[in-house]
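Asks: Just entry.tsv, nothing more (TSV, C-alpha atoms and all ligand atoms):
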```
chain	number	residue	atom	x	y	z
A	1	MET	CA	-38.27	96.20	-135.10
A	2	LYS	CA	-34.59	95.92	-134.25
A	3	THR	CA	-34.87	96.27	-130.45
A	4	GLU	CA	-37.71	93.80	-130.22
A	5	ASN	CA	-35.73	91.30	-132.31
A	6	LEU	CA	-32.69	91.61	-130.12
A	7	LYS	CA	-34.82	91.13	-127.02
A	8	LYS	CA	-36.42	88.01	-128.47
A	9	GLU	CA	-33.05	86.64	-129.54
A	10	ALA	CA	-31.62	87.21	-126.05
A	11	LEU	CA	-34.64	85.55	-124.40
A	12	GLU	CA	-34.24	82.45	-126.56
A	13	LYS	CA	-30.57	82.16	-125.62
A	14	LEU	CA	-31.51	82.61	-121.97
A	15	GLU	CA	-33.89	79.71	-122.20
A	16	GLN	CA	-31.18	77.48	-123.57
A	17	SER	CA	-28.50	78.54	-121.05
A	18	LYS	CA	-27.10	75.75	-118.96
A	19	ASP	CA	-24.99	77.49	-116.34
A	20	LEU	CA	-23.68	80.74	-114.93
A	21	ASN	CA	-21.04	80.87	-117.60
A	22	ASP	CA	-23.66	80.91	-120.36
A	23	LEU	CA	-25.49	83.72	-118.57
A	24	GLU	CA	-22.36	85.82	-118.36
A	25	ASN	CA	-21.77	85.41	-122.07
A	26	ILE	CA	-25.33	86.50	-122.87
A	27	GLU	CA	-24.98	89.46	-120.53
A	28	LYS	CA	-21.84	90.53	-122.32
A	29	GLU	CA	-23.32	89.97	-125.77
A	30	TYR	CA	-26.45	92.13	-125.23
A	31	LEU	CA	-25.92	94.38	-122.19
A	32	GLY	CA	-22.14	94.87	-122.28
A	33	LYS	CA	-20.48	98.15	-123.26
A	34	LYS	CA	-19.89	96.81	-126.71
A	35	GLY	CA	-23.05	94.69	-126.56
A	36	LYS	CA	-25.70	94.61	-129.27
A	37	LEU	CA	-28.18	96.92	-127.49
A	38	ARG	CA	-25.57	99.59	-126.81
A	39	GLU	CA	-24.51	99.38	-130.43
A	40	LEU	CA	-28.07	100.25	-131.41
A	41	SER	CA	-27.99	103.42	-129.36
A	42	SER	CA	-24.82	104.55	-131.17
A	43	LYS	CA	-26.99	104.90	-134.27
A	44	MET	CA	-29.29	107.45	-132.59
A	45	LYS	CA	-27.31	110.41	-133.77
A	46	ASP	CA	-28.68	109.88	-137.31
A	47	LEU	CA	-32.27	110.10	-136.11
A	48	THR	CA	-34.67	112.98	-135.57
A	49	GLY	CA	-35.53	114.12	-132.08
A	50	GLU	CA	-38.83	112.25	-131.88
A	51	GLU	CA	-37.42	109.03	-133.29
A	52	ARG	CA	-34.42	109.26	-131.01
A	53	LYS	CA	-36.61	109.58	-127.97
A	54	GLU	CA	-38.66	106.59	-128.93
A	55	LEU	CA	-35.66	104.39	-129.69
A	56	GLY	CA	-33.96	105.48	-126.47
A	57	ALA	CA	-37.00	104.47	-124.50
A	58	GLN	CA	-37.19	101.13	-126.26
A	59	ILE	CA	-33.51	100.37	-125.68
A	60	ASN	CA	-33.80	101.31	-122.00
A	61	GLU	CA	-36.84	99.14	-121.61
A	62	ALA	CA	-35.05	96.18	-123.27
A	63	LEU	CA	-31.93	96.72	-121.13
A	64	ASN	CA	-33.92	96.77	-117.91
A	65	PHE	CA	-36.03	93.83	-118.94
A	66	LEU	CA	-33.04	91.64	-119.91
A	67	GLU	CA	-31.04	92.70	-116.84
A	68	GLU	CA	-33.85	91.56	-114.59
A	69	LYS	CA	-34.28	88.27	-116.47
A	70	ILE	CA	-30.57	87.47	-116.34
A	71	GLU	CA	-30.45	88.33	-112.63
A	72	LEU	CA	-33.35	85.93	-111.96
A	73	GLU	CA	-31.70	83.15	-113.97
A	74	LYS	CA	-28.43	83.71	-112.12
A	75	LYS	CA	-30.19	83.31	-108.79
A	76	ALA	CA	-31.81	80.09	-109.96
A	77	PHE	CA	-28.47	78.62	-111.07
A	78	LYS	CA	-26.77	79.66	-107.83
A	79	LEU	CA	-29.50	78.01	-105.80
A	80	GLU	CA	-29.13	74.84	-107.78
A	81	GLU	CA	-25.37	74.85	-107.28
A	82	LEU	CA	-25.82	75.29	-103.56
A	83	LYS	CA	-28.24	72.42	-103.38
A	84	GLU	CA	-25.87	70.11	-105.20
A	85	LYS	CA	-23.03	71.10	-102.90
A	86	GLU	CA	-25.16	70.52	-99.82
A	87	GLU	CA	-26.13	67.10	-101.01
A	88	MET	CA	-22.52	66.17	-101.60
A	89	GLU	CA	-21.27	67.50	-98.29
A	90	SER	CA	-24.05	66.39	-95.99
A	91	LEU	CA	-22.99	63.66	-93.57
A	92	ASP	CA	-25.18	60.61	-93.12
A	93	ILE	CA	-24.06	59.07	-89.84
A	94	THR	CA	-26.24	56.02	-90.38
A	95	PHE	CA	-24.41	55.17	-93.60
A	96	PRO	CA	-22.41	51.92	-93.23
A	97	GLY	CA	-18.59	52.27	-93.15
A	98	VAL	CA	-16.44	51.25	-96.08
A	99	LYS	CA	-14.72	48.50	-94.09
A	100	ALA	CA	-15.57	46.86	-90.80
A	101	PHE	CA	-13.31	48.15	-88.01
A	102	GLN	CA	-10.76	45.53	-87.00
A	103	ARG	CA	-10.54	44.93	-83.27
A	104	GLY	CA	-7.40	43.78	-81.50
A	105	HIS	CA	-7.17	40.63	-79.40
A	106	ILE	CA	-5.82	40.08	-75.93
A	107	HIS	CA	-2.89	37.69	-75.99
A	108	PRO	CA	-3.76	34.31	-74.41
A	109	LEU	CA	-0.86	34.66	-71.96
A	110	SER	CA	-2.22	38.04	-70.84
A	111	ILE	CA	-5.70	36.58	-70.40
A	112	VAL	CA	-4.38	33.71	-68.31
A	113	LYS	CA	-2.05	35.93	-66.27
A	114	LYS	CA	-4.96	38.23	-65.42
A	115	GLU	CA	-7.16	35.29	-64.43
A	116	ILE	CA	-4.46	33.86	-62.17
A	117	GLU	CA	-3.92	37.26	-60.54
A	118	ASP	CA	-7.64	37.67	-59.95
A	119	ILE	CA	-7.91	34.30	-58.22
A	120	PHE	CA	-4.94	34.96	-55.93
A	121	THR	CA	-6.19	38.46	-55.16
A	122	PHE	CA	-9.49	36.87	-54.14
A	123	LEU	CA	-7.52	34.49	-51.88
A	124	GLY	CA	-5.91	37.50	-50.17
A	125	PHE	CA	-2.54	37.65	-51.96
A	126	SER	CA	-0.90	40.90	-53.11
A	127	ILE	CA	0.66	41.19	-56.56
A	128	ILE	CA	4.36	42.11	-56.62
A	129	GLN	CA	6.90	42.67	-59.38
A	130	GLY	CA	10.65	42.28	-59.63
A	131	PRO	CA	13.49	42.86	-62.11
A	132	GLU	CA	14.17	40.66	-65.15
A	133	ILE	CA	17.87	41.48	-65.04
A	134	GLU	CA	18.87	40.26	-61.63
A	135	ASP	CA	22.05	39.93	-59.58
A	136	GLU	CA	23.27	36.47	-58.71
A	137	TRP	CA	22.65	37.08	-55.04
A	138	HIS	CA	18.88	37.37	-55.40
A	139	ASN	CA	18.57	34.81	-58.19
A	140	PHE	CA	20.87	32.15	-56.63
A	141	ASP	CA	22.91	32.77	-53.46
A	142	ALA	CA	20.16	34.09	-51.21
A	143	LEU	CA	18.01	31.20	-52.42
A	144	ASN	CA	20.53	28.76	-50.96
A	145	PHE	CA	21.98	27.60	-54.29
A	146	PRO	CA	25.38	26.04	-53.59
A	147	LYS	CA	28.20	27.76	-55.51
A	148	ASP	CA	28.59	24.75	-57.81
A	149	HIS	CA	24.89	24.04	-58.43
A	150	PRO	CA	24.34	22.90	-62.04
A	151	ALA	CA	21.48	25.35	-62.57
A	152	ARG	CA	24.00	28.19	-62.54
A	153	GLU	CA	25.98	26.77	-65.41
A	154	MET	CA	25.93	27.82	-69.01
A	155	GLN	CA	23.20	25.45	-70.19
A	156	ASP	CA	20.64	27.09	-67.96
A	157	THR	CA	21.54	30.69	-67.30
A	158	PHE	CA	22.02	33.70	-69.56
A	159	PHE	CA	24.89	35.57	-67.92
A	160	ILE	CA	25.37	39.28	-68.58
A	161	LYS	CA	28.87	39.96	-69.96
A	162	GLN	CA	30.89	41.96	-67.44
A	163	LYS	CA	34.59	42.87	-67.14
A	164	ASN	CA	36.48	40.72	-64.61
A	165	ARG	CA	33.25	38.93	-63.77
A	166	GLU	CA	34.98	36.27	-61.63
A	167	GLU	CA	36.27	38.88	-59.22
A	168	LEU	CA	32.92	40.53	-58.61
A	169	ASP	CA	30.68	39.98	-55.59
A	170	SER	CA	27.47	38.04	-56.33
A	171	ARG	CA	25.48	41.24	-55.72
A	172	GLU	CA	27.33	42.86	-58.63
A	173	LYS	CA	27.12	40.03	-61.14
A	174	TYR	CA	24.07	40.06	-63.35
A	175	VAL	CA	22.01	37.35	-65.07
A	176	LEU	CA	18.65	37.20	-66.81
A	177	ARG	CA	16.55	35.78	-64.01
A	178	THR	CA	16.05	32.05	-64.43
A	179	HIS	CA	12.90	32.03	-62.29
A	180	THR	CA	10.59	34.41	-60.45
A	181	SER	CA	11.96	33.15	-57.10
A	182	ASN	CA	14.23	36.24	-57.10
A	183	ILE	CA	11.14	38.15	-55.99
A	184	GLN	CA	10.89	35.99	-52.86
A	185	THR	CA	14.32	37.12	-51.68
A	186	ARG	CA	13.84	40.75	-52.76
A	187	TYR	CA	10.52	40.93	-50.94
A	188	MET	CA	11.60	39.14	-47.77
A	189	GLU	CA	14.69	41.28	-47.22
A	190	SER	CA	12.64	44.49	-47.34
A	191	HIS	CA	9.39	43.54	-45.58
A	192	VAL	CA	8.22	42.32	-42.19
A	193	PRO	CA	6.27	39.02	-42.04
A	194	PRO	CA	3.58	37.75	-42.41
A	195	PHE	CA	3.75	37.65	-46.24
A	196	ARG	CA	1.12	36.66	-48.76
A	197	ILE	CA	2.26	37.57	-52.28
A	198	VAL	CA	2.26	36.37	-55.87
A	199	ALA	CA	4.67	37.68	-58.51
A	200	PRO	CA	4.16	37.09	-62.22
A	201	GLY	CA	6.92	37.67	-64.73
A	202	ARG	CA	9.15	36.65	-67.62
A	203	VAL	CA	12.01	34.26	-67.03
A	204	PHE	CA	14.89	33.13	-69.25
A	205	ARG	CA	16.71	29.85	-69.69
A	206	TYR	CA	19.41	28.83	-72.08
A	207	GLU	CA	18.00	25.46	-73.03
A	208	ALA	CA	16.98	23.27	-75.94
A	209	THR	CA	13.49	24.19	-77.09
A	210	ASP	CA	10.69	21.72	-77.82
A	211	ALA	CA	6.89	21.59	-77.67
A	212	SER	CA	6.84	22.54	-73.99
A	213	HIS	CA	10.16	24.40	-73.52
A	214	GLU	CA	11.08	27.94	-74.58
A	215	SER	CA	14.11	30.01	-73.64
A	216	CYS	CA	11.75	32.76	-72.53
A	217	PHE	CA	8.52	31.97	-70.72
A	218	TYR	CA	6.30	33.21	-67.90
A	219	GLN	CA	6.03	32.11	-64.30
A	220	ILE	CA	4.05	33.21	-61.31
A	221	GLU	CA	5.74	32.90	-57.94
A	222	GLY	CA	3.78	32.48	-54.72
A	223	LEU	CA	4.98	33.06	-51.17
A	224	LEU	CA	3.05	32.71	-47.93
A	225	VAL	CA	4.92	33.11	-44.64
A	226	ASP	CA	3.58	33.22	-41.10
A	227	GLU	CA	3.69	31.12	-37.95
A	228	HIS	CA	2.45	27.50	-38.09
A	229	ILE	CA	2.16	27.22	-41.87
A	230	SER	CA	2.25	23.60	-43.08
A	231	VAL	CA	2.27	21.51	-46.25
A	232	ALA	CA	-1.49	21.10	-45.73
A	233	ASN	CA	-1.93	24.87	-46.26
A	234	LEU	CA	0.18	24.69	-49.41
A	235	LYS	CA	-1.91	21.85	-50.77
A	236	ALA	CA	-5.21	23.57	-49.95
A	237	VAL	CA	-4.21	26.87	-51.59
A	238	LEU	CA	-2.91	25.19	-54.76
A	239	GLU	CA	-5.91	22.88	-55.10
A	240	ARG	CA	-8.34	25.74	-54.59
A	241	PHE	CA	-6.47	27.86	-57.11
A	242	LEU	CA	-6.51	25.14	-59.79
A	243	GLN	CA	-10.20	24.36	-59.22
A	244	GLU	CA	-11.00	28.05	-59.71
A	245	PHE	CA	-8.72	28.39	-62.70
A	246	PHE	CA	-10.12	25.38	-64.57
A	247	ARG	CA	-13.64	25.97	-63.18
A	248	ASN	CA	-13.69	22.32	-62.24
A	249	LEU	CA	-14.15	21.14	-58.64
A	250	ASP	CA	-12.87	17.66	-59.52
A	251	VAL	CA	-9.30	18.90	-60.02
A	252	LYS	CA	-6.97	17.05	-57.63
A	253	ILE	CA	-3.26	17.56	-57.02
A	254	ARG	CA	-0.52	15.24	-55.86
A	255	LEU	CA	2.88	16.11	-54.45
A	256	ARG	CA	6.02	14.24	-55.47
A	257	PRO	CA	9.24	14.76	-53.52
A	258	SER	CA	11.73	16.86	-55.46
A	259	TYR	CA	14.73	19.08	-54.90
A	260	PHE	CA	14.99	22.86	-55.07
A	261	PRO	CA	17.75	24.41	-52.90
A	262	PHE	CA	15.41	27.06	-51.47
A	263	VAL	CA	12.72	24.75	-50.08
A	264	GLU	CA	12.69	21.82	-47.69
A	265	PRO	CA	10.81	19.62	-48.27
A	266	GLY	CA	10.45	20.36	-51.98
A	267	PHE	CA	7.80	19.03	-54.33
A	268	GLU	CA	6.94	18.61	-57.94
A	269	VAL	CA	3.17	19.16	-58.12
A	270	ASP	CA	0.97	17.25	-60.56
A	271	MET	CA	-2.68	17.96	-61.26
A	272	SER	CA	-5.26	15.50	-62.51
A	273	CYS	CA	-5.70	15.93	-66.25
A	274	VAL	CA	-8.64	18.26	-66.93
A	275	VAL	CA	-9.12	16.90	-70.44
A	276	CYS	CA	-9.87	13.29	-69.43
A	277	ASN	CA	-10.50	13.87	-65.70
A	278	GLY	CA	-7.61	11.58	-64.81
A	279	LYS	CA	-8.62	8.63	-66.95
A	280	GLY	CA	-5.68	8.98	-69.36
A	281	CYS	CA	-5.53	10.73	-72.77
A	282	SER	CA	-3.02	12.10	-75.28
A	283	ILE	CA	-2.59	15.38	-73.40
A	284	CYS	CA	-1.48	13.63	-70.19
A	285	GLN	CA	0.21	10.88	-72.24
A	286	GLY	CA	-2.07	8.26	-70.72
A	287	GLY	CA	-1.01	8.83	-67.12
A	288	GLY	CA	-3.95	10.95	-65.97
A	289	TRP	CA	-1.58	13.46	-64.26
A	290	ILE	CA	0.25	16.55	-65.56
A	291	GLU	CA	3.25	18.21	-63.94
A	292	ILE	CA	2.29	21.81	-63.39
A	293	LEU	CA	4.54	23.50	-60.84
A	294	GLY	CA	7.34	23.34	-58.27
A	295	ALA	CA	6.72	24.09	-54.62
A	296	GLY	CA	7.91	23.52	-51.08
A	297	MET	CA	8.38	24.87	-47.57
A	298	VAL	CA	10.73	27.86	-47.40
A	299	HIS	CA	14.24	26.70	-46.35
A	300	PRO	CA	15.47	28.23	-43.05
A	301	ASN	CA	18.66	29.37	-44.83
A	302	VAL	CA	16.57	31.54	-47.14
A	303	PHE	CA	14.98	33.28	-44.14
A	304	LYS	CA	18.46	33.81	-42.69
A	305	ASN	CA	19.87	35.15	-45.95
A	306	CYS	CA	17.04	37.67	-46.08
A	307	GLY	CA	17.72	38.84	-42.51
A	308	LEU	CA	14.77	37.05	-40.90
A	309	ASP	CA	14.83	34.79	-37.83
A	310	PRO	CA	13.79	31.27	-38.96
A	311	GLN	CA	12.97	30.28	-35.37
A	312	ASN	CA	9.22	30.97	-35.40
A	313	LEU	CA	8.67	31.42	-39.12
A	314	THR	CA	7.31	28.88	-41.54
A	315	GLY	CA	6.00	29.33	-45.03
A	316	PHE	CA	5.54	27.85	-48.44
A	317	ALA	CA	6.54	28.96	-51.93
A	318	PHE	CA	5.53	27.83	-55.38
A	319	GLY	CA	6.37	28.64	-58.97
A	320	ILE	CA	3.81	27.98	-61.70
A	321	SER	CA	4.46	28.10	-65.45
A	322	ILE	CA	1.85	30.47	-66.89
A	323	ASP	CA	2.56	29.14	-70.41
A	324	ARG	CA	1.77	25.60	-69.34
A	325	LEU	CA	-1.51	26.63	-67.69
A	326	ALA	CA	-2.48	28.52	-70.85
A	327	MET	CA	-1.63	25.50	-73.00
A	328	MET	CA	-3.83	23.29	-70.85
A	329	LYS	CA	-6.69	25.73	-70.64
A	330	TYR	CA	-6.84	26.33	-74.41
A	331	LYS	CA	-5.45	22.93	-75.50
A	332	ILE	CA	-2.48	24.48	-77.34
A	333	ASP	CA	-0.09	21.81	-78.53
A	334	HIS	CA	3.13	23.82	-78.90
A	335	ILE	CA	4.63	26.59	-76.78
A	336	LYS	CA	6.10	28.27	-79.89
A	337	TRP	CA	2.69	29.73	-80.81
A	338	PHE	CA	2.79	32.23	-77.95
A	339	HIS	CA	5.66	34.23	-79.40
A	340	SER	CA	5.03	33.48	-83.06
A	341	GLY	CA	3.03	36.66	-83.73
A	342	ASP	CA	0.89	34.50	-86.03
A	343	LEU	CA	-2.45	36.28	-86.44
A	344	ARG	CA	-4.26	33.03	-87.28
A	345	PHE	CA	-3.39	31.91	-83.76
A	346	LEU	CA	-3.96	35.22	-81.98
A	347	LYS	CA	-7.33	35.95	-83.58
A	348	GLN	CA	-8.86	32.98	-81.77
A	349	PHE	CA	-8.72	34.74	-78.39
A	401	LIG	N1	11.76	28.38	-59.05
A	401	LIG	C1	11.42	26.99	-59.34
A	401	LIG	C2	11.59	26.77	-60.85
A	401	LIG	O1	11.70	27.71	-61.58
A	401	LIG	C3	10.01	26.68	-58.96
A	401	LIG	C4	9.76	26.76	-57.50
A	401	LIG	C5	9.31	27.92	-56.93
A	401	LIG	C6	10.00	25.66	-56.69
A	401	LIG	C7	9.07	27.98	-55.56
A	401	LIG	C8	9.77	25.71	-55.34
A	401	LIG	C9	9.30	26.87	-54.79
A	401	LIG	O2	11.59	25.66	-61.31
```
Could you render the structure as structure tokens?
Ligand code: PHE

Replies:
Amino acid sequence: MKTENLKKEALEKLEQSKDLNDLENIEKEYLGKKGKLRELSSKMKDLTGEERKELGAQINEALNFLEEKIELEKKAFKLEELKEKEEMESLDITFPGVKAFQRGHIHPLSIVKKEIEDIFTFLGFSIIQGPEIEDEWHNFDALNFPKDHPAREMQDTFFIKQKNREELDSREKYVLRTHTSNIQTRYMESHVPPFRIVAPGRVFRYEATDASHESCFYQIEGLLVDEHISVANLKAVLERFLQEFFRNLDVKIRLRPSYFPFVEPGFEVDMSCVVCNGKGCSICQGGGWIEILGAGMVHPNVFKNCGLDPQNLTGFAFGISIDRLAMMKYKIDHIKWFHSGDLRFLKQF
């Protein structure tokens, strides 16, 4: 019978359907307004009453039956689609990342600066900062530099270009600071003794560069002022600092007389080589000692220039090269590496 055949045909197609699209096509083909089952009913007008009734019932039964089947299939496909989507979108937080996350590195100069600050903080010093662009008064004059001192000349100092520079007062003439000693004078003129400070910072010198000299490097200045301070105190503080820094109680220092206008007496300070323990090696060039800093007892003129009475005040100051300490600590053979931005170098820290 025609209706039964159509039903069978539709069921077979349903079985072979692969997706919602297929289902819609089947729905259209059999149940649609111009679908095959509806077409059948258009032929009813040629039939007798009894026959018509029977065919009508059959068509209705087939329509309902197929409708239900298609609806069920649709639901099954939708469920499947949902499952697939869920699987694709679900987040597995234990799944390993595509690429290992790259971590940054702390620059060796920053590591060393922090270590130095920590040791001096432990010894009771405060950490102070000062300007990198400085006037000549704080960088030179107040520090007792004679007007014609060679350190002021072109080979050492970066001068800031200014109109009619020669006519200006030293407080109005600017330079890139050549040392962190400018912080001594800035601090002393605005504070009341006793003082116990360290001041790290960048300094600039117009000079030929080599393995241990750069035109920009880092220093840390120290200043301790009170009554009855002596060279013995200076020596004890520096020795203790270096022993802590190199984690080596055998570190010794020696003072050699030297000249800096702002200290009297002034010293060049050597430390025993931590690589060979003073026996002599390539790092200390066989001598067993390495020059590490400048130091001395604060000159009375500096106290005066900063508005302090030198009568009962004594103190010491020192300036350490942070770059040099870092080179010794990590056995770095050339100062250029610090500012090279070379990742092969930086990744080691
Ligand atoms: N400012 C001196 C320099 O840069 C170092 C120093 C500091 C010397 C303090 C004595 C006292 O070379």

Asks: Report the closest atom pair, with its distance in Å rounded to one decimal, for each residue of chain A that has an atom no farther than 6 Å from ligand LIG 401 (chain A); count all atoms listed in the file, sort by chain and then rising residue number, and write it as CSV.

Replies:
```
residue,atom,partner,partner_atom,distance
A:His179,CA,A:LIG401,O1,4.5
A:Ser181,CA,A:LIG401,N1,5.2
A:Phe260,CA,A:LIG401,C6,5.9
A:Gly294,CA,A:LIG401,C6,3.9
A:Ala295,CA,A:LIG401,C8,3.5
A:Gly296,CA,A:LIG401,C8,5.1
A:Ala317,CA,A:LIG401,C9,4.5
A:Phe318,CA,A:LIG401,C7,3.5
A:Gly319,CA,A:LIG401,C5,3.7
```

Asks: How far is it from atom CA of His191 of chain A to atom CA of Pro131 of chain A, in Å with one decimal?

Replies: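 According to the coordinates, atom CA of His191 of chain A and atom CA of Pro131 of chain A are separated by 17.0 Å.
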
Asks: Kindly indicate which residue among A:Leu143, A:Gly35, A:Asn233, A:Ser321 lies nearest to Val263 of chain A, using all atoms listed in the file for the distances.

Replies: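 Of A:Leu143, A:Gly35, A:Asn233, A:Ser321, the one nearest Val263 of chain A is A:Leu143, counting all atoms listed in the file.
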
Asks: Have a look at atom CA of Ile335 of chain A and atom CA of Gln102 of chain A and let me know their distance in Å, one decimal.

Replies: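 Rounded to one decimal, the two atoms are 26.5 Å apart.
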
Asks: Taking all atoms listed in the file into account, which of A:Glu50, A:Glu67, A:Glu172, A:Glu15 comes nearest Lys28 of chain A?

Replies: A:Glu67

Asks: Which residue gives the smallest distance to Lys147 of chain A among A:Pro261, A:Lys85, A:Lys114, A:Leu91, with all atoms listed in the file counted?

Replies: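 For Lys147 of chain A, the nearest of the given residues is A:Pro261.
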
Asks: Go through A:Lys235, A:Lys69, A:His339, A:His299 one by one, measure the shortest atom-to-atom distance of each to Asp270 of chain A using only C-alpha atoms, and give the residue with the smallest value.

Replies: A:Lys235
